[in-house]
Amino acid sequence: MLINKETKDLQSKLTEYVRNGKLPLIKGAKQDKLHHYRRLVYNIIFNSLSNAYPISSGLLGEERWKELVDEFFINHNPQDPQIWSFPFELYEYVLKSDYSLKSGKSYLNDLLFFEWIEMEVYAMEDTKIDKYIQLVKKLEIKDNFVLNPYIKMFSFEYPVFRKEEKIEEMEKGKYFIICFRDIDTFKVHYLEVDALSMIFIENLYDNNGNLKISLDLTSELINAELEIKNIFPLIEVLNDKGIILGIRE
Amino acid sequence: MVGLGFRRDIHNEILDLDNDAKPDFVELAPENWMRFGGYWGSIFKKIKEKYPIICHGLSLSIGSPDDIDDEFLDELNLFFAKAEPIIYSEHLSYSKCDNAHIYDLLPIPFRQDAVNHIVERIKYVQDKLERKIALENVSYYSPIGAEMTEQDFLSQILEKSDCNLLLDVNNVYVNAFNHKYDAKEFLDNIPLDRVSYIHIAGHDKVEEDLIIDTHGQDIIDPVFDLFEWAIAKIKPVPVLLERDFNMPEIEVLIGEMNRIRQIAKSVWGDNYVDK
């Protein structure tokens, strides 16, 4: 590297300052103008995170949210060259640092992930979708589904996706959620399902929409013989929502 | 060619522009469009169909003491294959240090070792991307440990690395004001034959002796005057109207683009504005 230590140290000092707000003496600088760099950088970071997590930041309140952003920006080295996807690193930081436990907001991990995943699914790269025909009432075991590729499946401890419930009063449990993007409107939707449905849907995705394999695997796992008729109402819902797009041509 | 920064909050307005109101190209930041599908992926396809694209990067951090991010260069190459930009430009600044992105442009110390370091990095990047890059003279609010003038720093980097210059006329104006030098003298002492692209924008005066390059106001007359003076010394190149914040009605932007066009036409002649 051709840069010498003194030059590198000057660059590090300015960077440390914009991250922690503690102004050091920097050789050859107009000390009284450096605060503009701190302000400009901090605003970018703060706004980016606040825009990505409007519900979490609102629930924590202005003061605690600012404290969290400050702590994060001092302790965490942002790795993503793309600022739109950098807020995911705050979620990872909160998870790793046990912030939600320490702050007494046990739902925070789920809430941050819930807010992030909407952005991630919304932005998912486009992919080619195989040709399909509309789902007909009479399904056959040999059918293969074409599935919506813009989807994430996960479980939560708190039902943070239920907008009608007060988050502080939510009951801890196990909640299974599918987050998906409509292939035509690009809008992101959520679907809450039960554990059995989640297993079946995961099997469908793991097996490229193959109905027989997915039924067999699900049956094996729950130790009961599942047939098309048992699962048909779920398939109708998935088709109606745009998760199952149709039957592969 | 006179272009406009493609900003998401006015994307429909820009895509609807036609005839005389239509910019000759749009500029976008690859970092804001790479790996994006869905709605914005569909908008990108529309941009690509309607306009030539210039890519103006944010995260290369050419002046960083950290290593160049090869993975990021690979991503850029993938994006360029889709966008087919006529120019790729970046900032002569650093936005990553001590393994942390900070998402804004910090000033590089004007020093000989920094020149040598950056020249090597530019050559590496140009090799990896298989294209010349144009580096922008950035605005700065304080020098950091400078051991040479800004014009020497910039000139040496351009000559030794054989890269192009994105001349930001507003930044020359801002820096001349902030650091009390003569903008025209500065321009006379940098290799203007390397200019391949020009930016022009508005700014905000935040203190008696400090202007911040906000891209949030209309362009002021002295910046238009400096632009006119400068382009007389430069071969015809694309010129971009930069506006990122405090967005006015699209008509105001069209008016500013028209004024840039008129000046360019008066200096460079009719051929320049042919689309």
# chains A, B, ... in the order shown; residues from 1 in each chain; ligands from 1
call {"tool": "closest_atom_pairs", "arguments": {"of": "chain B", "to": "chain A", "cutoff": "9 Å", "atoms": "only C-alpha atoms", "output": "JSON lines"}}
result
{"residue": "B:Pro30", "atom": "CA", "partner": "A:Gln82", "partner_atom": "CA", "distance": 9.0}
{"residue": "B:Glu31", "atom": "CA", "partner": "A:Gln82", "partner_atom": "CA", "distance": 5.2}
{"residue": "B:Asn32", "atom": "CA", "partner": "A:Gln82", "partner_atom": "CA", "distance": 6.7}
{"residue": "B:Met34", "atom": "CA", "partner": "A:Gln82", "partner_atom": "CA", "distance": 8.4}
{"residue": "B:Arg35", "atom": "CA", "partner": "A:Glu125", "partner_atom": "CA", "distance": 5.6}
{"residue": "B:Phe36", "atom": "CA", "partner": "A:Ala123", "partner_atom": "CA", "distance": 5.1}
{"residue": "B:Gly37", "atom": "CA", "partner": "A:Glu125", "partner_atom": "CA", "distance": 4.0}
{"residue": "B:Gly38", "atom": "CA", "partner": "A:Phe186", "partner_atom": "CA", "distance": 5.6}
{"residue": "B:Tyr39", "atom": "CA", "partner": "A:Phe186", "partner_atom": "CA", "distance": 5.7}
{"residue": "B:Trp40", "atom": "CA", "partner": "A:Ala123", "partner_atom": "CA", "distance": 7.5}
{"residue": "B:Gly41", "atom": "CA", "partner": "A:Asp126", "partner_atom": "CA", "distance": 7.3}
{"residue": "B:Leu58", "atom": "CA", "partner": "A:Pro81", "partner_atom": "CA", "distance": 8.4}
{"residue": "B:Ser59", "atom": "CA", "partner": "A:Pro81", "partner_atom": "CA", "distance": 5.7}
{"residue": "B:Leu60", "atom": "CA", "partner": "A:Pro81", "partner_atom": "CA", "distance": 8.2}
{"residue": "B:Ser64", "atom": "CA", "partner": "A:Gln11", "partner_atom": "CA", "distance": 8.1}
{"residue": "B:Pro65", "atom": "CA", "partner": "A:Lys8", "partner_atom": "CA", "distance": 6.0}
{"residue": "B:Asp67", "atom": "CA", "partner": "A:Met1", "partner_atom": "CA", "distance": 8.9}
{"residue": "B:Phe72", "atom": "CA", "partner": "A:Pro81", "partner_atom": "CA", "distance": 7.5}
{"residue": "B:Tyr94", "atom": "CA", "partner": "A:Gln11", "partner_atom": "CA", "distance": 8.7}
{"residue": "B:Ser95", "atom": "CA", "partner": "A:Thr15", "partner_atom": "CA", "distance": 8.8}
{"residue": "B:Lys96", "atom": "CA", "partner": "A:Thr15", "partner_atom": "CA", "distance": 8.3}
{"residue": "B:Cys97", "atom": "CA", "partner": "A:Ser12", "partner_atom": "CA", "distance": 6.4}
{"residue": "B:Asp98", "atom": "CA", "partner": "A:Ser12", "partner_atom": "CA", "distance": 6.7}
{"residue": "B:Asn99", "atom": "CA", "partner": "A:Asn77", "partner_atom": "CA", "distance": 6.3}
{"residue": "B:Ala100", "atom": "CA", "partner": "A:Asn77", "partner_atom": "CA", "distance": 4.3}
{"residue": "B:His101", "atom": "CA", "partner": "A:Pro78", "partner_atom": "CA", "distance": 5.2}
{"residue": "B:Ile102", "atom": "CA", "partner": "A:Val41", "partner_atom": "CA", "distance": 6.7}
{"residue": "B:Tyr103", "atom": "CA", "partner": "A:Ile83", "partner_atom": "CA", "distance": 6.9}
{"residue": "B:Asp104", "atom": "CA", "partner": "A:Val41", "partner_atom": "CA", "distance": 5.9}
{"residue": "B:Leu105", "atom": "CA", "partner": "A:Val41", "partner_atom": "CA", "distance": 8.6}
{"residue": "B:Leu106", "atom": "CA", "partner": "A:Tyr37", "partner_atom": "CA", "distance": 7.5}
{"residue": "B:Pro107", "atom": "CA", "partner": "A:Gln11", "partner_atom": "CA", "distance": 8.4}
{"residue": "B:Ile108", "atom": "CA", "partner": "A:Gln11", "partner_atom": "CA", "distance": 7.2}
{"residue": "B:Pro109", "atom": "CA", "partner": "A:Thr7", "partner_atom": "CA", "distance": 6.8}
{"residue": "B:Arg111", "atom": "CA", "partner": "A:Thr7", "partner_atom": "CA", "distance": 7.9}
{"residue": "B:Gln112", "atom": "CA", "partner": "A:Ile3", "partner_atom": "CA", "distance": 8.7}
{"residue": "B:Asp113", "atom": "CA", "partner": "A:Ile3", "partner_atom": "CA", "distance": 5.0}
{"residue": "B:Ala114", "atom": "CA", "partner": "A:Ile3", "partner_atom": "CA", "distance": 5.5}
{"residue": "B:Val115", "atom": "CA", "partner": "A:Ile3", "partner_atom": "CA", "distance": 8.4}
{"residue": "B:Asn116", "atom": "CA", "partner": "A:Leu2", "partner_atom": "CA", "distance": 6.2}
{"residue": "B:His117", "atom": "CA", "partner": "A:Leu2", "partner_atom": "CA", "distance": 4.8}
{"residue": "B:Ile118", "atom": "CA", "partner": "A:Leu2", "partner_atom": "CA", "distance": 8.6}
{"residue": "B:Glu120", "atom": "CA", "partner": "A:Leu2", "partner_atom": "CA", "distance": 8.4}
{"residue": "B:Tyr141", "atom": "CA", "partner": "A:Lys33", "partner_atom": "CA", "distance": 6.3}
{"residue": "B:Ser142", "atom": "CA", "partner": "A:Lys30", "partner_atom": "CA", "distance": 5.2}
{"residue": "B:Pro143", "atom": "CA", "partner": "A:Ala29", "partner_atom": "CA", "distance": 5.4}
{"residue": "B:Ile144", "atom": "CA", "partner": "A:Ala29", "partner_atom": "CA", "distance": 4.8}
{"residue": "B:Gly145", "atom": "CA", "partner": "A:Gly28", "partner_atom": "CA", "distance": 4.1}
{"residue": "B:Ala146", "atom": "CA", "partner": "A:Gly28", "partner_atom": "CA", "distance": 6.2}
{"residue": "B:Glu147", "atom": "CA", "partner": "A:Gly28", "partner_atom": "CA", "distance": 8.9}
{"residue": "B:Leu210", "atom": "CA", "partner": "A:Lys33", "partner_atom": "CA", "distance": 8.4}
{"residue": "B:Ile212", "atom": "CA", "partner": "A:His36", "partner_atom": "CA", "distance": 8.7}
call {"tool": "residues_around", "arguments": {"residues": "A:Asn148", "least_positions_apart": "3", "cutoff": "9 Å", "atoms": "only C-alpha atoms", "output": "PyMOL selection string"}}
result
chain A and resi 129+151+180-183+242-245
call {"tool": "write_last_selection", "arguments": {"atoms": "C-alpha atoms", "output": "JSON list (two decimals), in the first residue's frame"}}
result
[["chain", "number", "residue", "atom", "x", "y", "z"],
["A", 129, "ILE", "CA", -41.22, -17.77, -14.10],
["A", 151, "ILE", "CA", -41.34, -15.24, -1.06],
["A", 180, "PHE", "CA", -44.61, -12.62, -0.66],
["A", 181, "ARG", "CA", -44.69, -10.16, -3.53],
["A", 182, "ASP", "CA", -47.57, -10.13, -5.98],
["A", 183, "ILE", "CA", -46.06, -10.84, -9.38],
["A", 242, "GLY", "CA", -50.82, -15.71, -5.69],
["A", 243, "ILE", "CA", -48.36, -17.99, -3.92],
["A", 244, "ILE", "CA", -49.25, -20.99, -6.08],
["A", 245, "LEU", "CA", -49.45, -19.42, -9.53]]
call {"tool": "residues_around", "arguments": {"residues": "A:Tyr107", "least_positions_apart": "4", "cutoff": "10 Å", "atoms": "only C-alpha atoms", "output": "ChimeraX atom specification"}}
result
/A:56,100-101,111-112,156-160,167-168,170-172
call {"tool": "write_last_selection", "arguments": {"atoms": "N, CA and C atoms", "output": "mmCIF file, in the first residue's frame"}}
result
data_model
loop_
_atom_site.group_PDB
_atom_site.id
_atom_site.type_symbol
_atom_site.label_atom_id
_atom_site.label_comp_id
_atom_site.auth_asym_id
_atom_site.auth_seq_id
_atom_site.Cartn_x
_atom_site.Cartn_y
_atom_site.Cartn_z
ATOM 1 N N SER A 56 -40.706 0.229 14.531
ATOM 2 C CA SER A 56 -39.785 -0.009 15.653
ATOM 3 C C SER A 56 -39.304 1.306 16.248
ATOM 4 N N SER A 100 -32.809 -6.423 22.580
ATOM 5 C CA SER A 100 -34.239 -6.490 22.896
ATOM 6 C C SER A 100 -34.472 -6.944 24.335
ATOM 7 N N LEU A 101 -33.639 -7.860 24.810
ATOM 8 C CA LEU A 101 -33.776 -8.299 26.207
ATOM 9 C C LEU A 101 -33.364 -7.175 27.153
ATOM 10 N N LEU A 111 -40.034 -7.648 15.385
ATOM 11 C CA LEU A 111 -40.559 -6.449 14.726
ATOM 12 C C LEU A 111 -39.573 -5.890 13.699
ATOM 13 N N LEU A 112 -38.305 -5.837 14.070
ATOM 14 C CA LEU A 112 -37.299 -5.343 13.118
ATOM 15 C C LEU A 112 -37.241 -6.248 11.890
ATOM 16 N N PHE A 156 -42.217 -16.361 13.997
ATOM 17 C CA PHE A 156 -42.017 -15.311 14.997
ATOM 18 C C PHE A 156 -42.407 -15.820 16.381
ATOM 19 N N GLU A 157 -41.862 -15.162 17.399
ATOM 20 C CA GLU A 157 -42.320 -15.428 18.774
ATOM 21 C C GLU A 157 -43.493 -14.521 19.134
ATOM 22 N N TYR A 158 -43.590 -13.401 18.435
ATOM 23 C CA TYR A 158 -44.676 -12.449 18.701
ATOM 24 C C TYR A 158 -45.401 -12.145 17.390
ATOM 25 N N PRO A 159 -46.726 -12.009 17.449
ATOM 26 C CA PRO A 159 -47.487 -11.759 16.203
ATOM 27 C C PRO A 159 -47.416 -10.288 15.777
ATOM 28 N N VAL A 160 -46.224 -9.824 15.507
ATOM 29 C CA VAL A 160 -46.020 -8.394 15.236
ATOM 30 C C VAL A 160 -46.674 -7.939 13.927
ATOM 31 N N ILE A 167 -48.953 -4.050 20.427
ATOM 32 C CA ILE A 167 -47.750 -4.863 20.434
ATOM 33 C C ILE A 167 -47.300 -5.234 21.838
ATOM 34 N N GLU A 168 -47.502 -4.319 22.789
ATOM 35 C CA GLU A 168 -47.071 -4.582 24.173
ATOM 36 C C GLU A 168 -47.912 -5.705 24.798
ATOM 37 N N MET A 170 -49.076 -8.421 23.124
ATOM 38 C CA MET A 170 -49.058 -9.629 22.300
ATOM 39 C C MET A 170 -48.543 -10.823 23.085
ATOM 40 N N GLU A 171 -49.171 -11.971 22.795
ATOM 41 C CA GLU A 171 -48.830 -13.186 23.521
ATOM 42 C C GLU A 171 -47.680 -13.921 22.854
ATOM 43 N N LYS A 172 -46.733 -14.333 23.663
ATOM 44 C CA LYS A 172 -45.597 -15.068 23.119
ATOM 45 C C LYS A 172 -46.054 -16.456 22.671
#
call {"tool": "residues_around", "arguments": {"residues": "A:Glu118", "least_positions_apart": "4", "cutoff": "8 Å", "atoms": "only C-alpha atoms", "output": "PyMOL selection string"}}
result
chain A and resi 114+122+179+188
call {"tool": "residues_around", "arguments": {"residues": "B:Arg259", "least_positions_apart": "5", "cutoff": "12 Å", "atoms": "only C-alpha atoms", "output": "VMD selection string"}}
result
chain B and resid 2 21 200 218 to 221 224 to 225 227 to 228 239 241 252 to 254 264 to 266
call {"tool": "write_last_selection", "arguments": {"atoms": "C-alpha atoms", "output": "compact mmCIF listing (two decimals), in the first residue's frame"}}
result
# COMPACT_ATOMS: atom_id res chain seq x y z
CA VAL B 2 -28.03 17.74 -21.26
CA ALA B 21 -38.66 18.74 -22.41
CA ILE B 200 -23.97 21.61 -12.42
CA ASP B 218 -31.89 26.17 -8.01
CA ILE B 219 -28.58 26.93 -9.72
CA ILE B 220 -27.48 30.50 -9.02
CA ASP B 221 -26.34 32.89 -11.75
CA PHE B 224 -24.13 29.47 -14.61
CA ASP B 225 -21.55 32.17 -15.42
CA PHE B 227 -20.12 27.10 -16.36
CA GLU B 228 -20.22 29.31 -19.46
CA VAL B 239 -23.79 18.02 -18.90
CA LEU B 241 -28.40 19.01 -13.94
CA VAL B 252 -38.51 24.20 -12.98
CA LEU B 253 -36.03 21.42 -13.80
CA ILE B 254 -36.96 21.62 -17.48
CA ALA B 264 -23.94 25.01 -24.25
CA LYS B 265 -25.32 25.86 -27.67
CA SER B 266 -23.97 29.42 -27.52
call {"tool": "atom_distance", "arguments": {"atom1": "atom CA of B:Asp74", "atom2": "atom CA of A:Asp130"}}
result
28.2 Å
call {"tool": "select_by_dssp", "arguments": {"residues": "stretch 29-176 of chain B", "states": "strand (DSSP E)", "output": "list in words"}}
result
Ile53, Ile54, Cys55, His56, Ile87, Tyr88, Ser89, Glu90, His91, Tyr94, Ser95, Lys96, Cys97, Ala100, His101, Ile102, Tyr103, Asp104, Leu105, Leu106, Ala134, Leu135, Glu136, Asn164, Leu165, Leu166, Leu167 and Asp168 of chain B
call {"tool": "closest_residue", "arguments": {"among": "B:Arg194, B:Glu75, B:Ser139, B:Lys132", "to": "B:Ala176", "atoms": "only C-alpha atoms"}}
result
B:Ser139
